[in-house]
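Structure data (TSV, C-alpha atoms and all ligand atoms) from model-v3.tsv:
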chain	number	residue	atom	x	y	z
A	1	GLU	CA	-22.37	-60.13	51.42
A	2	GLN	CA	-22.94	-60.48	55.16
A	3	ILE	CA	-19.22	-60.09	55.72
A	4	LYS	CA	-19.10	-56.88	53.72
A	5	LYS	CA	-21.89	-55.49	55.86
A	6	GLY	CA	-19.83	-56.22	58.98
A	7	SER	CA	-21.92	-55.65	62.08
A	8	TYR	CA	-24.62	-53.77	60.18
A	9	ASP	CA	-27.95	-55.12	59.00
A	10	HIS	CA	-28.01	-53.21	55.72
A	11	PHE	CA	-25.58	-51.50	53.36
A	12	MET	CA	-27.45	-48.21	53.69
A	13	GLN	CA	-26.97	-48.33	57.46
A	14	LYS	CA	-23.29	-49.20	57.07
A	15	GLU	CA	-22.75	-46.43	54.54
A	16	ILE	CA	-24.46	-43.82	56.75
A	17	HIS	CA	-22.23	-44.77	59.69
A	18	GLU	CA	-19.12	-44.87	57.51
A	19	GLN	CA	-19.27	-41.15	56.78
A	20	PRO	CA	-16.61	-39.94	59.22
A	21	HIS	CA	-14.25	-42.29	57.38
A	22	SER	CA	-15.46	-41.64	53.82
A	23	LEU	CA	-15.18	-37.89	54.33
A	24	THR	CA	-11.66	-38.33	55.65
A	25	THR	CA	-10.64	-40.25	52.53
A	26	THR	CA	-12.33	-37.64	50.33
A	27	MET	CA	-10.11	-34.94	51.85
A	28	ARG	CA	-6.93	-36.98	52.27
A	29	GLY	CA	-3.90	-35.22	50.79
A	30	ARG	CA	-6.05	-32.41	49.42
A	31	LEU	CA	-6.27	-29.97	52.36
A	32	LYS	CA	-3.34	-27.71	53.16
A	33	ASP	CA	-3.21	-24.82	55.68
A	34	SER	CA	-2.98	-22.33	52.88
A	35	GLY	CA	-5.48	-23.87	50.49
A	36	VAL	CA	-6.49	-27.03	48.70
A	37	VAL	CA	-4.56	-29.16	46.24
A	38	LEU	CA	-6.67	-30.73	43.52
A	39	GLY	CA	-4.41	-32.42	40.98
A	40	GLY	CA	-7.36	-33.17	38.69
A	41	LEU	CA	-8.13	-29.49	38.12
A	42	LYS	CA	-4.67	-27.96	38.12
A	43	GLU	CA	-4.34	-27.47	34.38
A	44	HIS	CA	-7.81	-26.02	33.94
A	45	LEU	CA	-8.01	-23.62	36.88
A	46	LYS	CA	-7.35	-20.55	34.72
A	47	THR	CA	-10.14	-21.47	32.29
A	48	LEU	CA	-12.44	-22.22	35.21
A	49	ARG	CA	-11.79	-18.79	36.73
A	50	ARG	CA	-12.61	-17.07	33.45
A	51	SER	CA	-15.93	-18.93	33.04
A	52	ARG	CA	-18.97	-16.73	32.45
A	53	ARG	CA	-21.13	-19.30	34.20
A	54	VAL	CA	-20.87	-22.61	36.03
A	55	ILE	CA	-23.65	-25.07	35.19
A	56	PHE	CA	-24.19	-27.93	37.63
A	57	ILE	CA	-25.71	-30.99	35.98
A	58	GLY	CA	-26.84	-34.21	37.65
A	59	CYS	CA	-29.77	-36.43	38.63
A	60	GLY	CA	-31.30	-37.49	41.96
A	61	THR	CA	-29.03	-37.21	44.96
A	62	SER	CA	-26.11	-35.98	42.86
A	63	TYR	CA	-28.23	-33.05	41.67
A	64	ASN	CA	-29.10	-32.28	45.30
A	65	ALA	CA	-25.42	-32.32	46.28
A	66	ALA	CA	-24.68	-29.78	43.55
A	67	LEU	CA	-27.58	-27.65	44.79
A	68	ALA	CA	-26.06	-27.72	48.29
A	69	ALA	CA	-22.79	-26.49	46.78
A	70	ARG	CA	-24.32	-23.71	44.69
A	71	PRO	CA	-24.36	-20.96	47.37
A	72	PHE	CA	-20.73	-21.37	48.38
A	73	VAL	CA	-19.48	-21.83	44.82
A	74	GLU	CA	-21.13	-18.51	43.94
A	75	GLU	CA	-19.76	-16.88	47.08
A	76	LEU	CA	-16.17	-18.08	46.75
A	77	THR	CA	-15.79	-17.73	42.98
A	78	GLY	CA	-18.09	-14.81	42.11
A	79	ILE	CA	-19.22	-16.82	39.07
A	80	PRO	CA	-22.99	-17.22	38.50
A	81	VAL	CA	-24.09	-20.82	39.01
A	82	THR	CA	-27.16	-22.36	37.41
A	83	MET	CA	-28.62	-25.80	38.07
A	84	GLU	CA	-29.71	-28.38	35.52
A	85	VAL	CA	-31.43	-31.71	36.02
A	86	ALA	CA	-29.75	-33.63	33.18
A	87	SER	CA	-32.96	-34.85	31.53
A	88	ASP	CA	-34.52	-31.38	31.63
A	89	LEU	CA	-31.48	-29.79	30.02
A	90	LEU	CA	-31.80	-32.30	27.20
A	91	ASP	CA	-35.56	-31.89	26.89
A	92	ARG	CA	-35.13	-28.13	26.49
A	93	GLN	CA	-31.86	-28.29	24.59
A	94	GLY	CA	-30.91	-25.41	26.91
A	95	PRO	CA	-28.24	-22.96	25.74
A	96	ILE	CA	-24.64	-23.68	26.74
A	97	TYR	CA	-21.67	-21.68	25.43
A	98	ARG	CA	-17.98	-22.22	25.07
A	99	GLU	CA	-17.00	-19.66	27.74
A	100	GLU	CA	-18.94	-21.68	30.30
A	101	THR	CA	-18.04	-24.57	32.61
A	102	ALA	CA	-20.35	-27.53	32.99
A	103	VAL	CA	-19.81	-29.58	36.16
A	104	PHE	CA	-21.27	-33.10	35.98
A	105	VAL	CA	-21.97	-34.77	39.29
A	106	SER	CA	-22.61	-38.52	39.38
A	107	GLN	CA	-21.78	-41.16	41.97
A	108	SER	CA	-21.65	-43.97	39.40
A	109	GLY	CA	-20.40	-41.91	36.49
A	110	GLU	CA	-22.70	-44.04	34.32
A	111	THR	CA	-26.14	-42.40	34.57
A	112	ALA	CA	-27.49	-42.22	31.01
A	113	ASP	CA	-29.15	-38.80	31.32
A	114	THR	CA	-26.00	-37.27	32.79
A	115	LEU	CA	-23.79	-38.81	30.09
A	116	LEU	CA	-26.09	-37.58	27.31
A	117	ALA	CA	-25.99	-34.10	28.83
A	118	LEU	CA	-22.20	-34.41	28.87
A	119	GLU	CA	-22.12	-35.19	25.15
A	120	TYR	CA	-24.37	-32.21	24.55
A	121	ALA	CA	-22.15	-29.84	26.55
A	122	LEU	CA	-19.01	-31.17	24.83
A	123	GLU	CA	-20.58	-30.42	21.44
A	124	LYS	CA	-21.33	-26.88	22.61
A	125	GLY	CA	-17.66	-26.39	23.49
A	126	ALA	CA	-18.01	-25.86	27.26
A	127	LEU	CA	-15.27	-26.93	29.66
A	128	CYS	CA	-16.62	-30.18	31.13
A	129	VAL	CA	-15.65	-31.17	34.69
A	130	GLY	CA	-16.61	-34.48	36.32
A	131	VAL	CA	-17.26	-35.17	40.00
A	132	THR	CA	-17.67	-38.91	40.45
A	133	ASN	CA	-17.01	-41.76	42.84
A	134	THR	CA	-16.08	-44.22	40.12
A	135	VAL	CA	-12.57	-44.32	38.73
A	136	GLY	CA	-12.58	-45.35	35.07
A	137	SER	CA	-16.29	-44.56	34.64
A	138	THR	CA	-17.57	-43.11	31.39
A	139	LEU	CA	-17.96	-39.74	33.12
A	140	SER	CA	-14.38	-39.67	34.32
A	141	ARG	CA	-13.11	-40.71	30.88
A	142	LYS	CA	-15.13	-38.29	28.80
A	143	THR	CA	-14.85	-35.07	30.81
A	144	HIS	CA	-11.91	-32.69	30.26
A	145	CYS	CA	-10.92	-32.88	33.91
A	146	GLY	CA	-12.41	-33.66	37.28
A	147	ILE	CA	-12.18	-34.89	40.83
A	148	HIS	CA	-12.90	-38.34	42.23
A	149	ILE	CA	-14.77	-38.15	45.49
A	150	ASN	CA	-13.03	-41.26	46.92
A	151	ALA	CA	-15.95	-42.17	49.19
A	152	GLY	CA	-15.43	-45.90	48.68
A	153	CYS	CA	-17.84	-48.28	47.01
A	154	GLU	CA	-21.50	-47.41	47.66
A	155	ILE	CA	-23.87	-50.37	47.45
A	156	GLY	CA	-27.21	-49.23	48.94
A	157	VAL	CA	-29.43	-47.92	46.15
A	158	ALA	CA	-30.14	-44.80	48.20
A	159	SER	CA	-27.03	-42.66	48.05
A	160	THR	CA	-25.76	-41.47	51.45
A	161	LYS	CA	-22.01	-41.27	51.87
A	162	ALA	CA	-21.53	-40.20	48.24
A	163	TYR	CA	-23.80	-37.19	48.87
A	164	THR	CA	-21.70	-35.80	51.72
A	165	SER	CA	-18.43	-36.48	49.88
A	166	GLN	CA	-19.76	-34.78	46.74
A	167	ILE	CA	-20.54	-31.63	48.76
A	168	VAL	CA	-17.07	-31.66	50.29
A	169	VAL	CA	-15.43	-32.07	46.88
A	170	MET	CA	-17.39	-29.16	45.50
A	171	ALA	CA	-16.36	-27.08	48.52
A	172	MET	CA	-12.74	-27.90	47.68
A	173	ILE	CA	-13.33	-27.01	44.02
A	174	ALA	CA	-14.80	-23.64	45.07
A	175	LEU	CA	-11.81	-23.03	47.35
A	176	ALA	CA	-9.42	-23.84	44.50
A	177	ILE	CA	-11.15	-21.56	41.98
A	178	GLY	CA	-11.39	-18.72	44.49
A	179	SER	CA	-7.82	-19.08	45.76
A	180	ASP	CA	-6.56	-16.10	43.73
A	181	GLN	CA	-8.90	-13.69	45.57
A	182	LEU	CA	-7.23	-11.92	48.48
A	183	SER	CA	-10.41	-10.46	49.93
A	184	THR	CA	-11.94	-13.87	50.63
A	185	GLN	CA	-8.83	-15.45	52.14
A	186	PRO	CA	-10.02	-15.34	55.80
A	187	ARG	CA	-13.31	-16.92	54.74
A	188	ARG	CA	-11.45	-19.63	52.80
A	189	GLU	CA	-9.22	-20.34	55.79
A	190	SER	CA	-12.20	-20.75	58.09
A	191	ILE	CA	-13.82	-23.17	55.65
A	192	ILE	CA	-10.60	-25.19	55.46
A	193	THR	CA	-10.52	-25.37	59.27
A	194	GLY	CA	-14.18	-26.41	59.17
A	195	LEU	CA	-13.43	-29.14	56.64
A	196	SER	CA	-10.65	-30.62	58.79
A	197	SER	CA	-12.92	-30.98	61.80
A	198	LEU	CA	-15.95	-32.13	59.79
A	199	PRO	CA	-15.42	-35.92	60.26
A	200	SER	CA	-15.42	-35.57	64.05
A	201	HIS	CA	-18.64	-33.54	63.95
A	202	VAL	CA	-20.16	-36.20	61.70
A	203	SER	CA	-19.26	-38.84	64.34
A	204	GLU	CA	-21.04	-36.68	66.89
A	205	VAL	CA	-24.23	-36.26	64.85
A	206	LEU	CA	-24.35	-40.04	64.22
A	207	LYS	CA	-25.03	-40.41	67.95
A	208	LEU	CA	-28.57	-39.25	67.15
A	209	ASP	CA	-29.24	-42.74	65.76
A	210	ALA	CA	-31.47	-43.91	68.64
A	211	GLU	CA	-33.30	-40.60	68.73
A	212	MET	CA	-34.01	-40.82	64.99
A	213	LYS	CA	-35.28	-44.38	65.43
A	214	GLU	CA	-37.70	-43.13	68.04
A	215	LEU	CA	-38.77	-40.25	65.80
A	216	ALA	CA	-39.28	-42.76	62.97
A	217	SER	CA	-41.56	-44.85	65.15
A	218	SER	CA	-43.73	-41.78	65.78
A	219	LEU	CA	-44.02	-41.17	62.02
A	220	ILE	CA	-44.53	-44.73	60.91
A	221	ASP	CA	-48.21	-44.30	60.04
A	222	SER	CA	-48.00	-40.82	58.54
A	223	GLU	CA	-48.97	-40.56	54.91
A	224	SER	CA	-46.74	-37.67	54.14
A	225	LEU	CA	-43.80	-35.67	55.46
A	226	LEU	CA	-42.73	-32.14	54.47
A	227	VAL	CA	-39.23	-30.75	54.91
A	228	PHE	CA	-38.67	-26.99	54.84
A	229	GLY	CA	-35.22	-25.54	54.25
A	230	ARG	CA	-33.67	-22.48	52.67
A	231	GLY	CA	-30.26	-21.06	51.75
A	232	TYR	CA	-27.51	-23.61	52.33
A	233	ASN	CA	-30.12	-26.10	53.50
A	234	TYR	CA	-32.66	-25.97	50.70
A	235	ALA	CA	-30.78	-28.95	49.25
A	236	THR	CA	-30.95	-30.69	52.65
A	237	ALA	CA	-34.74	-30.42	52.51
A	238	LEU	CA	-34.86	-31.91	49.00
A	239	GLU	CA	-32.39	-34.66	49.79
A	240	GLY	CA	-33.99	-35.57	53.14
A	241	ALA	CA	-37.38	-35.86	51.42
A	242	LEU	CA	-35.86	-37.88	48.56
A	243	LYS	CA	-34.38	-40.38	51.04
A	244	VAL	CA	-37.75	-40.80	52.77
A	245	LYS	CA	-39.66	-41.30	49.55
A	246	GLU	CA	-37.16	-43.63	47.85
A	247	VAL	CA	-36.56	-46.06	50.70
A	248	ALA	CA	-39.40	-45.64	53.22
A	249	LEU	CA	-41.93	-45.39	50.36
A	250	MET	CA	-43.64	-42.49	52.10
A	251	HIS	CA	-44.74	-39.39	50.24
A	252	SER	CA	-42.35	-36.61	51.16
A	253	GLU	CA	-41.53	-33.21	49.69
A	254	GLY	CA	-38.63	-30.90	50.31
A	255	MET	CA	-39.66	-27.28	50.04
A	256	LEU	CA	-38.09	-23.88	49.91
A	257	ALA	CA	-39.21	-22.22	53.14
A	258	GLY	CA	-39.39	-18.86	51.37
A	259	GLU	CA	-42.14	-20.28	49.17
A	260	MET	CA	-44.21	-21.55	52.08
A	261	LYS	CA	-46.72	-18.74	51.96
A	262	HIS	CA	-47.20	-19.22	48.22
A	263	GLY	CA	-48.97	-22.57	48.49
A	264	PRO	CA	-47.64	-25.17	50.95
A	265	LEU	CA	-49.12	-23.26	53.92
A	266	ALA	CA	-52.54	-24.52	52.82
A	267	LEU	CA	-51.47	-28.08	53.73
A	268	VAL	CA	-50.60	-27.29	57.34
A	269	ASP	CA	-52.73	-28.88	60.06
A	270	GLU	CA	-52.15	-30.73	63.34
A	271	ASN	CA	-51.55	-34.07	61.60
A	272	LEU	CA	-49.07	-33.46	58.79
A	273	PRO	CA	-45.51	-33.78	60.15
A	274	ILE	CA	-43.20	-30.98	59.01
A	275	ILE	CA	-39.45	-30.87	59.53
A	276	VAL	CA	-38.08	-27.32	59.63
A	277	ILE	CA	-34.34	-26.90	59.27
A	278	ALA	CA	-33.34	-23.90	61.39
A	279	THR	CA	-29.65	-24.25	62.12
A	280	ARG	CA	-27.53	-21.09	62.48
A	281	ASP	CA	-26.73	-19.17	59.33
A	282	SER	CA	-27.75	-15.89	57.71
A	283	CYS	CA	-31.30	-17.25	57.17
A	284	PHE	CA	-31.84	-18.10	60.83
A	285	SER	CA	-34.19	-15.26	61.72
A	286	LYS	CA	-36.29	-15.93	58.61
A	287	GLN	CA	-36.60	-19.57	59.62
A	288	LYS	CA	-37.66	-18.51	63.12
A	289	SER	CA	-40.50	-16.57	61.62
A	290	VAL	CA	-41.46	-19.58	59.44
A	291	ILE	CA	-41.65	-21.64	62.65
A	292	GLN	CA	-43.89	-19.02	64.28
A	293	GLN	CA	-46.20	-18.97	61.25
A	294	LEU	CA	-46.44	-22.76	61.22
A	295	LEU	CA	-47.09	-22.88	64.96
A	296	SER	CA	-49.84	-20.32	64.70
A	297	ARG	CA	-51.53	-22.71	62.24
A	298	LYS	CA	-51.09	-25.59	64.72
A	299	GLY	CA	-48.46	-27.30	62.56
A	300	ARG	CA	-46.98	-30.58	63.81
A	301	LEU	CA	-43.33	-29.52	63.82
A	302	ILE	CA	-40.00	-31.27	64.09
A	303	ILE	CA	-37.35	-28.58	64.34
A	304	MET	CA	-33.72	-29.16	63.45
A	305	CYS	CA	-31.58	-26.56	65.22
A	306	SER	CA	-27.99	-26.03	66.30
A	307	GLU	CA	-26.98	-27.53	69.65
A	308	GLY	CA	-28.11	-25.42	72.59
A	309	ASP	CA	-30.38	-23.30	70.40
A	310	ILE	CA	-33.77	-24.64	71.51
A	311	SER	CA	-34.83	-21.49	73.31
A	312	ALA	CA	-33.61	-19.28	70.46
A	313	VAL	CA	-35.79	-21.03	67.88
A	314	GLY	CA	-38.72	-20.73	70.29
A	315	PRO	CA	-40.64	-23.96	69.72
A	316	SER	CA	-43.76	-24.75	71.67
A	317	ALA	CA	-43.92	-27.74	74.00
A	318	SER	CA	-45.59	-29.79	71.27
A	319	CYS	CA	-42.57	-29.62	68.90
A	320	ARG	CA	-39.93	-32.27	68.61
A	321	VAL	CA	-36.39	-30.97	68.33
A	322	ILE	CA	-33.32	-32.44	66.63
A	323	GLN	CA	-30.15	-30.72	67.86
A	324	VAL	CA	-27.09	-30.95	65.63
A	325	PRO	CA	-23.50	-29.73	66.06
A	326	GLU	CA	-22.83	-26.33	64.54
A	327	VAL	CA	-20.12	-26.14	61.87
A	328	ALA	CA	-19.12	-23.51	59.27
A	329	ASP	CA	-22.43	-22.35	57.73
A	330	CYS	CA	-21.66	-23.58	54.22
A	331	LEU	CA	-20.67	-27.05	55.53
A	332	GLN	CA	-23.76	-27.40	57.71
A	333	PRO	CA	-25.62	-29.34	54.95
A	334	VAL	CA	-23.14	-32.20	55.46
A	335	ILE	CA	-24.16	-32.43	59.12
A	336	ASN	CA	-27.87	-31.72	58.69
A	337	ILE	CA	-28.55	-34.48	56.16
A	338	ILE	CA	-27.30	-37.20	58.50
A	339	PRO	CA	-30.25	-37.26	60.96
A	340	LEU	CA	-32.55	-37.33	57.92
A	341	GLN	CA	-30.64	-40.27	56.41
A	342	LEU	CA	-31.00	-42.07	59.76
A	343	LEU	CA	-34.68	-41.19	59.91
A	344	ALA	CA	-35.30	-42.56	56.39
A	345	TYR	CA	-33.37	-45.72	57.25
A	346	HIS	CA	-35.31	-46.45	60.45
A	347	LEU	CA	-38.62	-45.53	58.89
A	348	THR	CA	-37.95	-48.08	56.15
A	349	VAL	CA	-37.04	-50.86	58.56
A	350	LEU	CA	-40.03	-50.13	60.79
A	351	ARG	CA	-42.39	-50.04	57.82
A	352	GLY	CA	-40.97	-53.38	56.70
A	353	PHE	CA	-39.57	-52.36	53.31
A	354	ASP	CA	-36.39	-53.38	51.55
A	355	VAL	CA	-33.73	-50.85	52.56
A	356	ASP	CA	-31.00	-51.64	50.09
A	357	GLN	CA	-33.14	-52.45	47.08
A	358	PRO	CA	-36.20	-50.18	47.09
A	359	ARG	CA	-39.12	-51.11	44.88
A	360	ASN	CA	-38.75	-50.05	41.21
A	361	LEU	CA	-35.39	-48.28	41.67
A	362	ALA	CA	-31.87	-49.02	40.44
A	363	LYS	CA	-28.52	-47.88	41.79
A	364	SER	CA	-27.47	-46.67	38.42
A	365	VAL	CA	-29.95	-45.83	35.65
A	366	THR	CA	-28.07	-46.54	32.46
A	367	THR	CA	-31.01	-46.20	30.08
A	368	GLN	CA	-32.90	-43.09	29.15
A	401	LIG	C1	-30.53	-43.33	40.57
A	401	LIG	C2	-30.28	-43.73	42.01
A	401	LIG	C3	-30.08	-42.47	42.88
A	401	LIG	C4	-29.01	-41.60	42.29
A	401	LIG	C5	-29.29	-41.25	40.84
A	401	LIG	C6	-28.09	-40.57	40.17
A	401	LIG	O1	-31.78	-42.73	40.48
A	401	LIG	O2	-31.33	-44.51	42.52
A	401	LIG	O3	-29.71	-42.87	44.20
A	401	LIG	O4	-28.89	-40.42	43.05
A	401	LIG	O5	-29.53	-42.43	40.09
A	401	LIG	O6	-27.03	-41.48	40.15
A	401	LIG	P1	-25.54	-41.06	39.92
A	401	LIG	O7	-24.77	-42.36	39.88
A	401	LIG	O8	-25.50	-40.33	38.60
A	401	LIG	O9	-25.14	-40.19	41.05
Starting from the coordinates I provided, produce the structure as structure tokens.
Amino acid sequence: EQIKKGSYDHFMQKEIHEQPHSLTTTMRGRLKDSGVVLGGLKEHLKTLRRSRRVIFIGCGTSYNAALAARPFVEELTGIPVTMEVASDLLDRQGPIYREETAVFVSQSGETADTLLALEYALEKGALCVGVTNTVGSTLSRKTHCGIHINAGCEIGVASTKAYTSQIVVMAMIALAIGSDQLSTQPRRESIITGLSSLPSHVSEVLKLDAEMKELASSLIDSESLLVFGRGYNYATALEGALKVKEVALMHSEGMLAGEMKHGPLALVDENLPIIVIATRDSCFSKQKSVIQQLLSRKGRLIIMCSEGDISAVGPSASCRVIQVPEVADCLQPVINIIPLQLLAYHLTVLRGFDVDQPRNLAKSVTTQ
């Protein structure tokens, strides 16, 4: 086991730092100047394009990855996308129709809730697409078609490298579905360029490791941590908070910044740490106003912004700032989650908990 961890202390740490490589293998042979080549979808692209709706279905981190993909899948395909936590879809027996496409996202391909939702969608006659890291898994065998994320074996219970590879695969799926639309070609080309340079930007953001360790040491005794995001980075807020709660065993909630004034604002005081994701995209000015509102209530803020943007986000001297490299807006979630993965990792080690095998959790939940 020690050998497999190489120079790292834990699998989670190794898997976080592996991401420039895992993302490269995810994209290998699939990116071309003019578009993407996804052998696993080729025969179903026409049906996919005609879908009345795309339904993303998953659990935990895989659900969050699908949520991160939702905005750009809608943008590049023009198809409405709805989100389903697998267990909730089953509880409600939610409607699914044959003209729809259900995309199942699962690192292991063996999560019971996701597989039961798959059986349900197959019965309803929807086109079922799998996005998994596990070749030969039940998910990859039972779906009509799909894409392997090729992130390499993930051992830490908390999913890290699979999350970023899942987002990248869904970006490639969106590019493939939308590839017949002339009007969005320049946008598609810029995303493809962004994908090719993504691994090097991930290497850059990993240099924040020491800074995140220091931030973790300042949060070690906090009881709770909030993360505010919106747009492309709503999922980043949910996933960052999930990492902190599952491994560091600290209460943490990811929240939609647009909902702040409808409840969470009541929690704000000078003690509760709040991470606000305010990197550059079309929601930037709204996030700036969220920061101002939080500051006027004396919030204890940690602001994540694009490199060189400190003065533009206008924090007060009391704020901590995490600066991350700026990439294509829809790929920014891949970059932004990494400091939060590092934070959760260091927080766990400093609080003395088991990083790779958190209390009460399993890597793959194969029972309902
Ligand atoms: C468990 C794991 C999570 C994972 C979730 C979904 O809860 O602890 O890390 O995100 O299952 O797993 P899957 O293999 O379907 O992605």
Which chain A residues have any atom within 9 Å of an atom of ligand LIG 401 (chain A), and for each, what is the nearest pair of atoms with distance in Å to one decimal, counting all atoms listed in the file, rows sorted by chain and number, as a tab-separated table?
residue	atom	partner	partner_atom	distance
A:Gly58	CA	A:LIG401	O8	6.3
A:Cys59	CA	A:LIG401	C6	4.7
A:Gly60	CA	A:LIG401	O4	3.9
A:Thr61	CA	A:LIG401	O4	3.7
A:Ser62	CA	A:LIG401	O9	4.7
A:Tyr63	CA	A:LIG401	O4	7.5
A:Asn64	CA	A:LIG401	O4	8.4
A:Phe104	CA	A:LIG401	O8	8.8
A:Val105	CA	A:LIG401	O9	6.5
A:Ser106	CA	A:LIG401	O9	3.5
A:Gln107	CA	A:LIG401	O9	3.6
A:Ser108	CA	A:LIG401	O7	3.5
A:Gly109	CA	A:LIG401	O7	5.5
A:Glu110	CA	A:LIG401	O7	6.2
A:Thr111	CA	A:LIG401	O8	4.6
A:Ala112	CA	A:LIG401	O8	8.1
A:Asp113	CA	A:LIG401	O8	8.3
A:Thr114	CA	A:LIG401	O8	6.6
A:Leu115	CA	A:LIG401	O8	8.8
A:Thr132	CA	A:LIG401	O9	7.6
A:Asn133	CA	A:LIG401	O7	8.3
A:Thr134	CA	A:LIG401	O7	8.9
A:Gly156	CA	A:LIG401	O3	8.3
A:Val157	CA	A:LIG401	O2	5.3
A:Ala158	CA	A:LIG401	O3	4.5
A:Ser159	CA	A:LIG401	O3	4.7
A:Thr160	CA	A:LIG401	O3	8.4
A:Ala162	CA	A:LIG401	O9	8.0
A:Tyr163	CA	A:LIG401	O4	8.4
A:Lys243	CA	A:LIG401	O3	8.6
A:Glu246	CA	A:LIG401	O2	7.9
A:Pro358	CA	A:LIG401	O2	8.8
A:Leu361	CA	A:LIG401	O2	5.6
A:Ala362	CA	A:LIG401	O2	5.0
A:Lys363	CA	A:LIG401	O2	4.4
A:Ser364	CA	A:LIG401	O5	5.0
A:Val365	CA	A:LIG401	C1	5.5
A:Thr366	CA	A:LIG401	O5	8.8
Calculate how many Å separate atom CA of A:Leu195 from atom CA of A:Gly178, rounding to one decimal. 16.1 Å
So for stretch 162-167 of chain A, what box centre and size do we get, axis-aligned, 4 Å extra on each of the six sides, every listed atom, Å to one decimal, as lines of an AutoDock Vina configuration file?
center_x = -21.1
center_y = -35.9
center_z = 49.2
size_x = 13.4
size_y = 16.6
size_z = 13.0
Ref. answer, residues at most 12 Å from (-8.0, -24.5, 33.2) with all atoms listed in the file, as a PyMOL selection string: chain A and resi 39-51+99-101+126-129+144-146+176-177
Filtering to C-alpha atoms, could you give me those residues as a CSV table (one decimal), in the coordinates of the input?
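So selection_36.csv came out as:
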chain,number,residue,atom,x,y,z
A,39,GLY,CA,-4.4,-32.4,41.0
A,40,GLY,CA,-7.4,-33.2,38.7
A,41,LEU,CA,-8.1,-29.5,38.1
A,42,LYS,CA,-4.7,-28.0,38.1
A,43,GLU,CA,-4.3,-27.5,34.4
A,44,HIS,CA,-7.8,-26.0,33.9
A,45,LEU,CA,-8.0,-23.6,36.9
A,46,LYS,CA,-7.4,-20.6,34.7
A,47,THR,CA,-10.1,-21.5,32.3
A,48,LEU,CA,-12.4,-22.2,35.2
A,49,ARG,CA,-11.8,-18.8,36.7
A,50,ARG,CA,-12.6,-17.1,33.4
A,51,SER,CA,-15.9,-18.9,33.0
A,99,GLU,CA,-17.0,-19.7,27.7
A,100,GLU,CA,-18.9,-21.7,30.3
A,101,THR,CA,-18.0,-24.6,32.6
A,126,ALA,CA,-18.0,-25.9,27.3
A,127,LEU,CA,-15.3,-26.9,29.7
A,128,CYS,CA,-16.6,-30.2,31.1
A,129,VAL,CA,-15.6,-31.2,34.7
A,144,HIS,CA,-11.9,-32.7,30.3
A,145,CYS,CA,-10.9,-32.9,33.9
A,146,GLY,CA,-12.4,-33.7,37.3
A,176,ALA,CA,-9.4,-23.8,44.5
A,177,ILE,CA,-11.2,-21.6,42.0
Restricting the calculation to only C-alpha atoms: of A:Ala174, A:Ile275, A:Leu342, A:Leu208, which residue gets closest to A:Gln323? A:Leu208
Which is closest to A:Val168 among A:Glu204, A:Gly152, A:Ala216, A:Gln332, if we use only C-alpha atoms?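 Nearest candidate to A:Val168 out of A:Glu204, A:Gly152, A:Ala216, A:Gln332: A:Gln332.
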For A:Ile16, which residue out of A:Ala241, A:Ala312, A:Ala235, A:Leu206 is the nearest one, using all atoms listed in the file?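 Under the stated criterion, the closest residue is A:Leu206.
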Dig up all the protein and nucleic acid residues within 7 Å of (-11.1, -35.4, 48.2) in the file frame, using all atoms listed in the file, and format them as a VMD selection string. chain A and resid 25 to 28 30 148 to 150 169
Name the residues in contact with A:Thr164 at a cut-off of 9 Å, using all atoms listed in the file, excluding same-chain residues fewer than 2 positions from it; report them as a PDB file with C-alpha atoms, in the frame of the given file.
ATOM      1  CA  GLN A  19     -19.270 -41.150  56.780  1.00  0.00           C
ATOM      2  CA  SER A  22     -15.460 -41.640  53.820  1.00  0.00           C
ATOM      3  CA  LEU A  23     -15.180 -37.890  54.330  1.00  0.00           C
ATOM      4  CA  ALA A  65     -25.420 -32.320  46.280  1.00  0.00           C
ATOM      5  CA  ALA A 151     -15.950 -42.170  49.190  1.00  0.00           C
ATOM      6  CA  THR A 160     -25.760 -41.470  51.450  1.00  0.00           C
ATOM      7  CA  LYS A 161     -22.010 -41.270  51.870  1.00  0.00           C
ATOM      8  CA  ALA A 162     -21.530 -40.200  48.240  1.00  0.00           C
ATOM      9  CA  GLN A 166     -19.760 -34.780  46.740  1.00  0.00           C
ATOM     10  CA  ILE A 167     -20.540 -31.630  48.760  1.00  0.00           C
ATOM     11  CA  VAL A 168     -17.070 -31.660  50.290  1.00  0.00           C
ATOM     12  CA  VAL A 169     -15.430 -32.070  46.880  1.00  0.00           C
ATOM     13  CA  PRO A 333     -25.620 -29.340  54.950  1.00  0.00           C
ATOM     14  CA  VAL A 334     -23.140 -32.200  55.460  1.00  0.00           C
ATOM     15  CA  ILE A 335     -24.160 -32.430  59.120  1.00  0.00           C
ATOM     16  CA  ILE A 337     -28.550 -34.480  56.160  1.00  0.00           C
ATOM     17  CA  ILE A 338     -27.300 -37.200  58.500  1.00  0.00           C
TER      18      ILE A 338
END
